[in-house]
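Taking it in order: structure first as structure tokens, then the write-up.
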Amino acid sequence: MDISVYAILLYAGMVAGFVVVNLALTHLLSPNKRTAVKQMPYESGMDPVGDARQPFDVKFYIVAILFLVFDVELLFLYPWAVSAYIDDASGVPAGLRDTVFGVMLVFMATLAIAYVYAWRKGVFKWR
């Protein structure tokens, strides 16, 4: 085995040992007073009121779905923007740059249509 493999194994062992020692010390040295206040569920600094099983308003789901749609858009755009016009072999080949650019324009147009549709339906208005 190479010396670097031993170094990596030593480092991994030290990290695992550090984690185990810290967890054990935290468990042994922490105060264990159980009070009614400590046993209450934490709700962003507010006292919990009512039943936790009540249904959410559909607005929350729509906002979450829209976030995912437009977040995925950025996940597709960023690698293309970084590698589109690099001159070395790691980017998009020169013969395909126009085709890839056209595909990205179609992708952006599809997302723009989805955005306008959601806007017209009043999804972005918080009633």
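Starting from 1 in every chain, residues are counted up; chains themselves are A, B, ... following the order of the structure tokens, and ligands are numbered from 1 as listed.
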Requested in this report: Run DSSP on the backbone and grab whatever in chain A lands in helix (DSSP H, G or I); send it over as a count of residues only.
Outcome: 84
Query - Contacts of region 123-125 of chain A within 9 Å, only C-alpha atoms, excl. fewer than 2 positions in-chain, as a PyMOL selection string - result: chain A and resi 59+62-63+118-121+127
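From CA of Val100 (chain A) back to CA of Ile65 (chain A), the distance works out to 27.0 Å.
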**Report entry** Selected residue, from A:Leu111, A:Asp51, A:Ser90, A:Arg34, that lies nearest to Asp71 (chain A) when counting only C-alpha atoms
**Finding:** A:Leu111
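Interatomic distance, CA of Val69 (chain A) against CA of Ala112 (chain A): 11.4 Å.
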**Report entry** Separation of CA of Tyr11 (chain A) from CA of Ser30 (chain A), in Å and rounded to one decimal
**Finding:** 28.0 Å
Query raised in the report: Nearest to Phe70 (chain A): which of A:Thr35, A:Thr99, A:Asn22, A:Thr110 is it, counting only C-alpha atoms?
Result: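 Closest candidate: A:Thr110.
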**Report entry** Residues within 12 Å of Glu73 (chain A), only C-alpha atoms, excluding chain neighbours under 3 positions, as a PyMOL selection string
**Finding:** chain A and resi 66-70+76-80+104+107-112+114-115
